[in-house]
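Source file: my_file.pdb. Holds: PDB, C-alpha atoms.
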ATOM      1  CA  VAL A  12      16.984 -16.560  -3.950  1.00  0.00           C
ATOM      2  CA  ARG A  13      18.691 -14.224  -6.428  1.00  0.00           C
ATOM      3  CA  LEU A  14      15.976 -14.977  -8.933  1.00  0.00           C
ATOM      4  CA  GLY A  15      13.334 -14.113  -6.315  1.00  0.00           C
ATOM      5  CA  ILE A  16      15.041 -10.834  -5.442  1.00  0.00           C
ATOM      6  CA  SER A  17      15.402 -10.009  -9.135  1.00  0.00           C
ATOM      7  CA  ARG A  18      11.718 -10.656  -9.746  1.00  0.00           C
ATOM      8  CA  ILE A  19      10.683  -8.625  -6.708  1.00  0.00           C
ATOM      9  CA  THR A  20      12.792  -5.703  -7.950  1.00  0.00           C
ATOM     10  CA  LYS A  21      11.227  -5.902 -11.417  1.00  0.00           C
ATOM     11  CA  LEU A  22       7.777  -6.153  -9.838  1.00  0.00           C
ATOM     12  CA  MET A  23       8.454  -3.103  -7.698  1.00  0.00           C
ATOM     13  CA  ILE A  24       9.435  -1.105 -10.797  1.00  0.00           C
ATOM     14  CA  LEU A  25       6.322  -2.304 -12.647  1.00  0.00           C
ATOM     15  CA  ILE A  26       4.009  -1.455  -9.736  1.00  0.00           C
ATOM     16  CA  SER A  27       5.601   1.989  -9.431  1.00  0.00           C
ATOM     17  CA  GLY A  28       5.115   2.633 -13.133  1.00  0.00           C
ATOM     18  CA  LEU A  29       1.503   1.484 -13.139  1.00  0.00           C
ATOM     19  CA  SER A  30       0.717   3.505 -10.009  1.00  0.00           C
ATOM     20  CA  LEU A  31       2.299   6.626 -11.496  1.00  0.00           C
ATOM     21  CA  PHE A  32       0.307   6.105 -14.691  1.00  0.00           C
ATOM     22  CA  GLN A  33      -2.866   5.804 -12.625  1.00  0.00           C
ATOM     23  CA  LEU A  34      -2.002   9.036 -10.793  1.00  0.00           C
ATOM     24  CA  LEU A  35      -1.350  10.766 -14.114  1.00  0.00           C
ATOM     25  CA  VAL A  36      -4.738   9.672 -15.451  1.00  0.00           C
ATOM     26  CA  SER A  37      -6.378  10.953 -12.242  1.00  0.00           C
ATOM     27  CA  ILE A  38      -4.680  14.333 -12.666  1.00  0.00           C
ATOM     28  CA  VAL A  39      -5.774  14.591 -16.301  1.00  0.00           C
ATOM     29  CA  PHE A  40      -9.385  13.816 -15.376  1.00  0.00           C
ATOM     30  CA  ALA A  41      -9.263  16.343 -12.532  1.00  0.00           C
ATOM     31  CA  TYR A  42      -8.075  19.032 -14.968  1.00  0.00           C
ATOM     32  CA  ILE A  43     -10.777  18.068 -17.458  1.00  0.00           C
ATOM     33  CA  ASN A  44     -13.460  18.272 -14.768  1.00  0.00           C
ATOM     34  CA  ASN A  45     -12.030  21.532 -13.352  1.00  0.00           C
ATOM     35  CA  GLU A  46     -12.067  20.181  -9.835  1.00  0.00           C
ATOM     36  CA  ASP A  47     -10.581  22.887  -7.654  1.00  0.00           C
ATOM     37  CA  GLN A  48     -10.550  20.550  -4.687  1.00  0.00           C
ATOM     38  CA  ALA A  49      -8.016  18.160  -6.200  1.00  0.00           C
ATOM     39  CA  PHE A  50      -5.193  17.673  -3.727  1.00  0.00           C
ATOM     40  CA  PHE A  51      -2.363  18.401  -6.165  1.00  0.00           C
ATOM     41  CA  TYR A  52      -3.613  21.958  -6.694  1.00  0.00           C
ATOM     42  CA  HIS A  53      -2.779  22.939  -3.139  1.00  0.00           C
ATOM     43  CA  ASP A  54       0.612  21.555  -2.246  1.00  0.00           C
ATOM     44  CA  PHE A  55       3.164  19.757  -4.420  1.00  0.00           C
ATOM     45  CA  GLN A  56       4.993  18.375  -1.364  1.00  0.00           C
ATOM     46  CA  SER A  57       1.740  16.815  -0.176  1.00  0.00           C
ATOM     47  CA  PHE A  58       1.253  15.328  -3.639  1.00  0.00           C
ATOM     48  CA  ILE A  59       4.705  13.691  -3.559  1.00  0.00           C
ATOM     49  CA  CYS A  60       4.075  12.322  -0.053  1.00  0.00           C
ATOM     50  CA  ILE A  61       0.687  10.875  -0.992  1.00  0.00           C
ATOM     51  CA  ALA A  62       1.944   9.483  -4.307  1.00  0.00           C
ATOM     52  CA  GLY A  63       4.802   7.759  -2.494  1.00  0.00           C
ATOM     53  CA  LEU A  64       2.446   6.289   0.082  1.00  0.00           C
ATOM     54  CA  TYR A  65       0.091   5.120  -2.649  1.00  0.00           C
ATOM     55  CA  ILE A  66       2.858   3.409  -4.615  1.00  0.00           C
ATOM     56  CA  MET A  67       4.418   1.881  -1.515  1.00  0.00           C
ATOM     57  CA  SER A  68       1.077   0.628  -0.166  1.00  0.00           C
ATOM     58  CA  ASN A  69       0.323  -1.008  -3.532  1.00  0.00           C
ATOM     59  CA  PHE A  70       3.720  -2.670  -3.469  1.00  0.00           C
ATOM     60  CA  VAL A  71       3.251  -3.896   0.108  1.00  0.00           C
ATOM     61  CA  LEU A  72      -0.180  -5.358  -0.666  1.00  0.00           C
ATOM     62  CA  ILE A  73       1.187  -7.269  -3.640  1.00  0.00           C
ATOM     63  CA  PHE A  74       4.251  -8.304  -1.646  1.00  0.00           C
ATOM     64  CA  ILE A  75       1.985  -9.637   1.120  1.00  0.00           C
ATOM     65  CA  GLN A  76       0.141 -11.693  -1.475  1.00  0.00           C
ATOM     66  CA  MET A  77       3.427 -13.002  -2.887  1.00  0.00           C
ATOM     67  CA  ALA A  78       4.642 -13.944   0.585  1.00  0.00           C
ATOM     68  CA  LEU A  79       1.349 -15.681   1.312  1.00  0.00           C
ATOM     69  CA  GLU A  80       1.743 -17.677  -1.891  1.00  0.00           C
ATOM     70  CA  LEU A  81       4.939 -19.174  -0.467  1.00  0.00           C
ATOM     71  CA  TYR A  82       2.879 -20.699   2.342  1.00  0.00           C
ATOM     72  CA  LEU A  83      -0.610 -21.086   0.818  1.00  0.00           C
ATOM     73  CA  THR A  84      -2.055 -21.757  -2.613  1.00  0.00           C
ATOM     74  CA  GLU A  85      -2.475 -18.905  -5.096  1.00  0.00           C
ATOM     75  CA  GLN A  86      -6.253 -18.926  -4.716  1.00  0.00           C
ATOM     76  CA  GLU A  87      -6.110 -18.841  -0.916  1.00  0.00           C
ATOM     77  CA  SER A  88      -3.611 -15.997  -0.830  1.00  0.00           C
ATOM     78  CA  LEU A  89      -5.586 -13.989  -3.404  1.00  0.00           C
ATOM     79  CA  LEU A  90      -8.768 -14.534  -1.423  1.00  0.00           C
ATOM     80  CA  LEU A  91      -7.103 -13.516   1.844  1.00  0.00           C
ATOM     81  CA  ILE A  92      -5.636 -10.311   0.438  1.00  0.00           C
ATOM     82  CA  ASN A  93      -8.934  -9.367  -1.243  1.00  0.00           C
ATOM     83  CA  VAL A  94     -10.889  -9.962   1.973  1.00  0.00           C
ATOM     84  CA  TYR A  95      -8.291  -7.883   3.857  1.00  0.00           C
ATOM     85  CA  VAL A  96      -8.636  -4.980   1.394  1.00  0.00           C
ATOM     86  CA  PHE A  97     -12.423  -5.315   1.310  1.00  0.00           C
ATOM     87  CA  PHE A  98     -12.770  -5.053   5.092  1.00  0.00           C
ATOM     88  CA  SER A  99      -9.962  -2.584   5.816  1.00  0.00           C
ATOM     89  CA  VAL A 100     -11.390   0.287   3.753  1.00  0.00           C
ATOM     90  CA  PRO A 101     -14.836   0.463   5.444  1.00  0.00           C
ATOM     91  CA  LEU A 102     -13.280  -0.284   8.834  1.00  0.00           C
ATOM     92  CA  GLY A 103     -10.850   2.609   8.327  1.00  0.00           C
ATOM     93  CA  GLY A 104     -13.736   4.911   7.469  1.00  0.00           C
ATOM     94  CA  ALA A 105     -15.663   3.789  10.533  1.00  0.00           C
ATOM     95  CA  LEU A 106     -12.659   4.313  12.815  1.00  0.00           C
ATOM     96  CA  LEU A 107     -12.107   7.819  11.440  1.00  0.00           C
ATOM     97  CA  SER A 108     -15.768   8.748  11.832  1.00  0.00           C
ATOM     98  CA  VAL A 109     -15.980   7.689  15.486  1.00  0.00           C
ATOM     99  CA  GLN A 110     -12.402   8.799  16.305  1.00  0.00           C
ATOM    100  CA  LYS A 111     -11.749   5.773  18.490  1.00  0.00           C
ATOM    101  CA  LEU A 112      -8.921   3.258  18.184  1.00  0.00           C
ATOM    102  CA  THR A 113      -7.438   5.190  15.270  1.00  0.00           C
ATOM    103  CA  TRP A 114      -4.075   3.456  15.833  1.00  0.00           C
ATOM    104  CA  ILE A 115      -5.625   0.415  14.147  1.00  0.00           C
ATOM    105  CA  LEU A 116      -5.544   2.412  10.894  1.00  0.00           C
ATOM    106  CA  TYR A 117      -1.807   1.734  10.694  1.00  0.00           C
ATOM    107  CA  PHE A 118      -2.568  -1.962  10.206  1.00  0.00           C
ATOM    108  CA  LEU A 119      -5.100  -1.240   7.464  1.00  0.00           C
ATOM    109  CA  ILE A 120      -2.671  -0.643   4.597  1.00  0.00           C
ATOM    110  CA  PRO A 121      -5.190   0.198   1.824  1.00  0.00           C
ATOM    111  CA  ASN A 122      -6.043   3.373   3.774  1.00  0.00           C
ATOM    112  CA  PHE A 123      -2.481   4.678   3.258  1.00  0.00           C
ATOM    113  CA  GLY A 124      -3.158   5.344  -0.406  1.00  0.00           C
ATOM    114  CA  MET A 125      -6.229   7.480   0.279  1.00  0.00           C
ATOM    115  CA  TYR A 126      -5.480  11.178   0.258  1.00  0.00           C
ATOM    116  CA  VAL A 127      -8.436  12.138   2.425  1.00  0.00           C
ATOM    117  CA  ARG A 128      -7.383   9.757   5.202  1.00  0.00           C
ATOM    118  CA  VAL A 129      -3.728  10.749   5.200  1.00  0.00           C
ATOM    119  CA  ASP A 130      -4.062  14.518   4.730  1.00  0.00           C
ATOM    120  CA  LEU A 131      -6.162  14.993   7.860  1.00  0.00           C
ATOM    121  CA  PRO A 132      -4.444  16.431  10.939  1.00  0.00           C
ATOM    122  CA  GLU A 133      -2.394  13.714  12.646  1.00  0.00           C
ATOM    123  CA  SER A 134      -4.656  13.794  15.686  1.00  0.00           C
ATOM    124  CA  VAL A 135      -7.558  12.782  13.431  1.00  0.00           C
ATOM    125  CA  GLY A 136      -6.039  10.767  10.572  1.00  0.00           C
ATOM    126  CA  LEU A 137      -2.890   8.920   9.616  1.00  0.00           C
ATOM    127  CA  SER A 138       0.576  10.370  10.037  1.00  0.00           C
ATOM    128  CA  PRO A 139       2.486   9.984   6.752  1.00  0.00           C
ATOM    129  CA  VAL A 140       5.768   9.549   8.637  1.00  0.00           C
ATOM    130  CA  ILE A 141       4.411   6.702  10.738  1.00  0.00           C
ATOM    131  CA  ALA A 142       2.726   5.201   7.656  1.00  0.00           C
ATOM    132  CA  TYR A 143       6.073   5.157   5.806  1.00  0.00           C
ATOM    133  CA  MET A 144       7.726   3.540   8.834  1.00  0.00           C
ATOM    134  CA  VAL A 145       5.006   0.889   9.079  1.00  0.00           C
ATOM    135  CA  LEU A 146       5.306   0.071   5.375  1.00  0.00           C
ATOM    136  CA  THR A 147       9.108  -0.137   5.622  1.00  0.00           C
ATOM    137  CA  VAL A 148       8.923  -2.482   8.616  1.00  0.00           C
ATOM    138  CA  ILE A 149       6.379  -4.668   6.813  1.00  0.00           C
ATOM    139  CA  ILE A 150       8.643  -4.859   3.747  1.00  0.00           C
ATOM    140  CA  ILE A 151      11.603  -5.868   5.919  1.00  0.00           C
ATOM    141  CA  ILE A 152       9.597  -8.532   7.776  1.00  0.00           C
ATOM    142  CA  LEU A 153       8.128  -9.930   4.554  1.00  0.00           C
ATOM    143  CA  SER A 154      11.550  -9.968   2.920  1.00  0.00           C
ATOM    144  CA  VAL A 155      13.057 -11.941   5.808  1.00  0.00           C
ATOM    145  CA  LEU A 156      10.136 -14.397   5.946  1.00  0.00           C
ATOM    146  CA  SER A 157      10.204 -14.859   2.171  1.00  0.00           C
ATOM    147  CA  PHE A 158      13.967 -15.344   2.180  1.00  0.00           C
ATOM    148  CA  ILE A 159      13.701 -17.995   4.915  1.00  0.00           C
ATOM    149  CA  ARG A 160      10.913 -19.779   3.062  1.00  0.00           C
ATOM    150  CA  LEU A 161      12.783 -19.666  -0.251  1.00  0.00           C
ATOM    151  CA  LYS A 162      15.904 -21.071   1.417  1.00  0.00           C
ATOM    152  CA  LYS A 163      13.877 -23.984   2.835  1.00  0.00           C
ATOM    153  CA  MET A 164      12.274 -24.604  -0.551  1.00  0.00           C
ATOM    154  CA  ASP A 165      15.719 -24.720  -2.198  1.00  0.00           C
ATOM    155  CA  LEU A 166      16.950 -27.288   0.301  1.00  0.00           C
ATOM    156  CA  ASN A 167      14.019 -29.640  -0.259  1.00  0.00           C
TER     157      ASN A 167
END

What does the file become when written as structure tokens?
Amino acid sequence: VRLGISRITKLMILISGLSLFQLLVSIVFAYINNEDQAFFYHDFQSFICIAGLYIMSNFVLIFIQMALELYLTEQESLLLINVYVFFSVPLGGALLSVQKLTWILYFLIPNFGMYVRVDLPESVGLSPVIAYMVLTVIIIILSVLSFIRLKKMDLN
């Protein structure tokens, strides 16, 4: 179990670093293209909020895949998470365009990392505060389920 927690911590640091690098590259390309509509031009606090959501949503998606791998094969878990991401992005866009059942967006994690879907007014889009709470609850649930599964695997 300690080994699993150690690896998850290292993975979280790696995902954070890669996500920050990706954000940095996006900022550089926005400066090169002189895009005045880039979100980081307007509000630094908004940038920090969105960057945090992006990093945390990436971590949660990978953590979901890791937890699935404790119960399913690697191929099945990879397929499930890819299908989930593939369908959640267009579904999120459809829900935002019709403005019905928008609460479902909180179960479509890939939408949390999209600035346009989070920066809308809360009555229209996602609330960053609720998104952070949802991601935290998912991490806690996945941690408990993974811990239970790892304990059972150690006993067998």

Would you list the residues near (-2.7, 4.3, -7.9), meaning any protein, DNA or RNA residue with an atom at most 8 Å from that point in file coordinates, counting all atoms listed in the file, as an MDAnalysis selection string? chainID A and resid 29:34 62 65:66 69 124

How would you write, as number ranges by chain, the residues chosen by the PyMOL selection byres ((chain A and resi 157) around 10) on this structure? A: 12, 15-16, 74-75, 77-82, 151-156, 158-163

Which residue out of A:Ser27, A:Asn93, A:Thr84, A:Ser68 has the minimum interatomic distance to Ile149 (chain A) when only C-alpha atoms are used?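 Comparing A:Ser27, A:Asn93, A:Thr84, A:Ser68 against Ile149 (chain A), the winner is A:Ser68.
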
As JSON, what would the box around region 19-28 of chain A look like: edges along x, y and z, 4 Å added on every side, centre and edge lengths in Å to one decimal?
{"center_x": 8.4, "center_y": -3.0, "center_z": -9.9, "size_x": 16.8, "size_y": 19.3, "size_z": 14.4}

Distance in Å - CA of Phe55 (chain A) versus CA of Gly28 (chain A): 19.3 Å

Selected residue of minimal separation from Ile26 (chain A) among A:Tyr117, A:Ile141, A:Val71, A:Val94, counting only C-alpha atoms: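 That would be A:Val71, the residue with the smallest distance to Ile26 (chain A).
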